[in-house]
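Participant: If it helps, the file is called final.cif and holds mmCIF, C-alpha atoms:
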```
data_coords
loop_
_atom_site.label_atom_id
_atom_site.label_comp_id
_atom_site.auth_asym_id
_atom_site.auth_seq_id
_atom_site.Cartn_x
_atom_site.Cartn_y
_atom_site.Cartn_z
CA MET A 20 -38.53 19.04 42.82
CA SER A 21 -39.38 15.37 42.88
CA PHE A 22 -42.34 13.06 42.61
CA ALA A 23 -42.06 12.25 46.33
CA SER A 24 -42.03 15.91 47.38
CA ALA A 25 -45.41 16.40 45.70
CA PHE A 26 -47.05 13.73 47.83
CA LEU A 27 -45.10 13.38 51.09
CA ASN A 28 -44.48 15.64 54.10
CA ARG A 29 -46.87 18.44 53.16
CA PRO A 30 -48.09 20.65 56.04
CA ASP A 31 -51.63 19.90 57.19
CA ASP A 32 -52.47 23.58 57.67
CA GLN A 33 -52.37 24.40 53.95
CA SER A 34 -55.59 25.08 52.08
CA ILE A 35 -56.69 22.63 49.39
CA GLU A 36 -55.92 25.31 46.80
CA ASP A 37 -52.34 25.64 48.13
CA ARG A 38 -51.86 21.86 48.13
CA VAL A 39 -53.17 21.46 44.60
CA GLY A 40 -51.14 24.49 43.49
CA PHE A 41 -47.96 23.00 44.92
CA HIS A 42 -48.69 19.69 43.23
CA ILE A 43 -49.25 21.41 39.88
CA GLU A 44 -46.03 23.37 40.36
CA THR A 45 -44.17 20.11 41.03
CA LEU A 46 -45.74 18.49 37.98
CA LEU A 47 -44.72 21.40 35.75
CA GLN A 48 -41.17 21.43 37.12
CA SER A 49 -40.69 17.68 36.75
CA ILE A 50 -39.24 16.56 33.45
CA ALA A 51 -40.87 13.36 32.23
CA PRO A 52 -38.50 10.81 30.72
CA GLU A 53 -41.08 10.36 27.94
CA GLN A 54 -40.80 6.60 27.89
CA VAL A 55 -43.34 4.96 25.63
CA VAL A 56 -45.64 2.94 27.89
CA GLY A 57 -48.37 1.00 26.18
CA PRO A 58 -51.96 0.56 27.34
CA GLU A 59 -51.16 -2.96 28.55
CA LEU A 60 -49.34 -1.37 31.52
CA PRO A 61 -51.97 0.96 33.06
CA ASN A 62 -50.28 1.10 36.48
CA VAL A 63 -46.95 2.10 34.96
CA ARG A 64 -48.72 4.86 33.02
CA LEU A 65 -49.83 6.28 36.38
CA SER A 66 -46.42 5.91 38.06
CA ASN A 67 -43.56 8.32 38.56
CA LEU A 68 -42.07 7.05 35.28
CA CYS A 69 -44.69 9.15 33.49
CA PHE A 70 -44.96 12.01 36.02
CA GLY A 71 -43.95 15.43 34.69
CA VAL A 72 -43.93 17.21 31.37
CA PRO A 73 -41.51 17.13 28.44
CA MET A 74 -38.64 19.62 28.56
CA ASP A 75 -39.63 21.14 25.18
CA TRP A 76 -43.11 22.14 26.42
CA ALA A 77 -42.64 25.88 25.89
CA LEU A 78 -41.64 26.22 22.27
CA GLY A 79 -43.19 29.37 20.87
CA GLU A 80 -45.37 27.86 18.17
CA GLY A 81 -49.15 28.33 18.13
CA GLN A 82 -49.75 24.64 17.52
CA ARG A 83 -47.39 23.78 20.39
CA ASN A 84 -49.54 25.92 22.71
CA THR A 85 -52.51 23.65 21.97
CA GLN A 86 -50.36 20.53 22.46
CA VAL A 87 -49.04 21.82 25.80
CA ARG A 88 -52.54 22.52 27.10
CA SER A 89 -53.75 19.10 25.96
CA MET A 90 -50.75 17.35 27.53
CA LEU A 91 -51.14 19.29 30.76
CA ARG A 92 -54.85 18.43 30.95
CA ASP A 93 -53.94 14.76 30.45
CA ARG A 94 -51.25 14.85 33.17
CA LEU A 95 -53.55 16.64 35.61
CA GLU A 96 -56.32 14.11 35.02
CA LYS A 97 -53.85 11.30 35.77
CA PHE A 98 -51.92 12.79 38.68
CA GLU A 99 -54.21 15.27 40.45
CA PRO A 100 -57.38 13.44 41.53
CA ARG A 101 -58.52 16.37 43.69
CA LEU A 102 -59.35 18.33 40.53
CA ALA A 103 -63.00 17.59 39.83
CA LEU A 104 -63.14 19.87 36.81
CA MET A 105 -60.75 21.89 34.67
CA SER A 106 -62.70 24.64 32.97
CA GLU A 107 -59.68 26.50 31.59
CA ILE A 108 -56.01 25.88 30.96
CA SER A 109 -54.14 28.70 29.29
CA LEU A 110 -50.58 29.83 29.00
CA GLN A 111 -48.97 33.12 28.24
CA GLU A 112 -45.36 33.52 27.18
CA ASP A 113 -43.22 36.42 28.34
CA THR A 114 -40.28 36.66 25.96
CA THR A 115 -38.60 39.48 27.88
CA GLU A 116 -38.43 37.34 31.05
CA ASN A 117 -38.09 34.06 29.12
CA ALA A 118 -40.97 32.62 31.14
CA VAL A 119 -44.36 31.01 30.66
CA THR A 120 -47.32 31.65 32.95
CA PHE A 121 -49.87 28.85 33.33
CA PHE A 122 -53.43 29.63 34.38
CA ILE A 123 -55.62 26.73 35.48
CA ALA A 124 -59.23 27.28 36.55
CA GLY A 125 -61.62 24.65 37.73
CA ALA A 126 -62.96 23.00 40.82
CA VAL A 127 -61.39 20.84 43.50
CA ARG A 128 -63.03 18.13 45.53
CA SER A 129 -63.35 19.05 49.18
CA GLN A 130 -65.17 17.79 52.25
CA ASN A 131 -68.02 20.16 51.40
CA GLY A 132 -68.36 19.04 47.77
CA THR A 133 -66.42 21.13 45.27
CA ASP A 134 -64.74 24.52 45.55
CA LYS A 135 -63.68 26.78 42.70
CA VAL A 136 -59.95 27.16 42.24
CA GLU A 137 -57.70 29.36 40.12
CA ILE A 138 -54.01 28.54 40.04
CA VAL A 139 -51.35 30.67 38.38
CA LYS A 140 -47.78 29.40 38.05
CA THR A 141 -44.90 31.08 36.22
CA LEU A 142 -42.03 28.89 35.05
CA SER A 143 -38.69 29.86 33.62
CA ARG A 144 -38.15 28.49 30.12
CA MET A 145 -34.43 28.22 30.88
CA ASP A 146 -34.61 25.61 33.63
CA GLN A 147 -38.33 24.75 34.02
CA TYR A 148 -38.46 25.93 37.65
CA ALA A 149 -41.23 28.03 39.12
CA GLU A 150 -40.37 31.66 39.60
CA GLY A 151 -40.81 32.82 43.15
CA ALA A 152 -41.10 29.25 44.44
CA GLY A 153 -39.79 28.68 47.93
#
```
Could you spell out this file's structure in structure tokens?
Facilitator:
Amino acid sequence: MSFASAFLNRPDDQSIEDRVGFHIETLLQSIAPEQVVGPELPNVRLSNLCFGVPMDWALGEGQRNTQVRSMLRDRLEKFEPRLALMSEISLQEDTTENAVTFFIAGAVRSQNGTDKVEIVKTLSRMDQYAEGAG
């Protein structure tokens, strides 16, 4: 998955929920280089240099769970402007499948105002790719 695939050549017949879901899937699968970019470079902070999440996002610590949710909220606020509201971000680890399921609930901006959305994505902890993604 790449930064470009999240934004270019997406079918027009997809629902807004499918488009946002695909973008979130791409964000979760993309490994951020974690370069330190200071506040004096706001455009760089919003560029593909900072797109993605760190590879160690799914360590099994309780405190890490909070950090992952906070980091994901931050990345979604930066890179998914169609999300008007994020009411819930949770994750559940499945140690038998070595996977993490992300649940994101909120609202997306649409032509009619806002629509509720619930997005569930399961990623493998081995390679950070979405399970069942096509």
Participant: My list of candidates is A:Thr85, A:Ile50, A:Val63, A:Ile35. Which is closest to Ala126 in chain A when distances are computed with all atoms listed in the file?
Facilitator: A:Ile35
Participant: Could you tell me which residues the PyMOL selection byres ((chain A and resi 55) around 10) grabs in this file, written as a PyMOL selection string?
Facilitator: chain A and resi 52-54+56-58+64+68-69
Participant: Which of these residues is nearest to Leu95 in chain A, using only C-alpha atoms: A:Glu44, A:Asp32, A:Asp134, A:Asp37?
Facilitator: A:Glu44
Participant: I need every residue sitting at most 10 Å from the point (-38.6, 21.2, 36.3) (coordinates as in the file, only C-alpha atoms considered), written as a list of chain:residue names.
Facilitator: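 The distance filter leaves exactly A:Met20, A:Ser21, A:Glu44, A:Thr45, A:Leu46, A:Leu47, A:Gln48, A:Ser49, A:Ile50, A:Ala51, A:Gly71, A:Val72, A:Pro73, A:Met74, A:Leu142, A:Ser143, A:Arg144, A:Met145, A:Asp146, A:Gln147, A:Tyr148, A:Ala149.
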Participant: Separation of CA of Arg88 in chain A and CA of Gly132 in chain A, in Å?
Facilitator: 26.3 Å
Participant: Could you tell me how far CA of Glu36 in chain A lies from CA of Glu137 in chain A, in Å and to one decimal?
Facilitator: 8.0 Å
Participant: Take CA of Phe70 in chain A and CA of Lys140 in chain A and report the distance between them in Å, one decimal.
Facilitator: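 Distance between the two atoms: 17.7 Å.
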Participant: Starting from the PyMOL selection byres ((chain A and resi 106) around 9), expand the selection into actual residues of this file and give them as a list in words.
Facilitator: Leu104, Met105, Glu107, Ile108, Ile123, Ala124, Gly125 and Ala126 of chain A
Participant: Which of these residues is nearest to Val39 in chain A, using only C-alpha atoms: A:Val119, A:Leu60, A:Met90, A:Val139?
Facilitator: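 Among the listed residues, A:Val139 lies closest to Val39 in chain A.
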Participant: Nearest residue to Asn62 in chain A out of A:Asn84, A:Lys97, A:His42, A:Thr133, using only C-alpha atoms?
Facilitator: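 Of A:Asn84, A:Lys97, A:His42, A:Thr133, the one nearest Asn62 in chain A, counting only C-alpha atoms, is A:Lys97.
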Participant: Starting from the shown file, work through the PyMOL selection byres ((chain A and resi 114) around 12) and note down what comes out as a PyMOL selection string.
Facilitator: chain A and resi 77-79+111-113+115-120+143-145
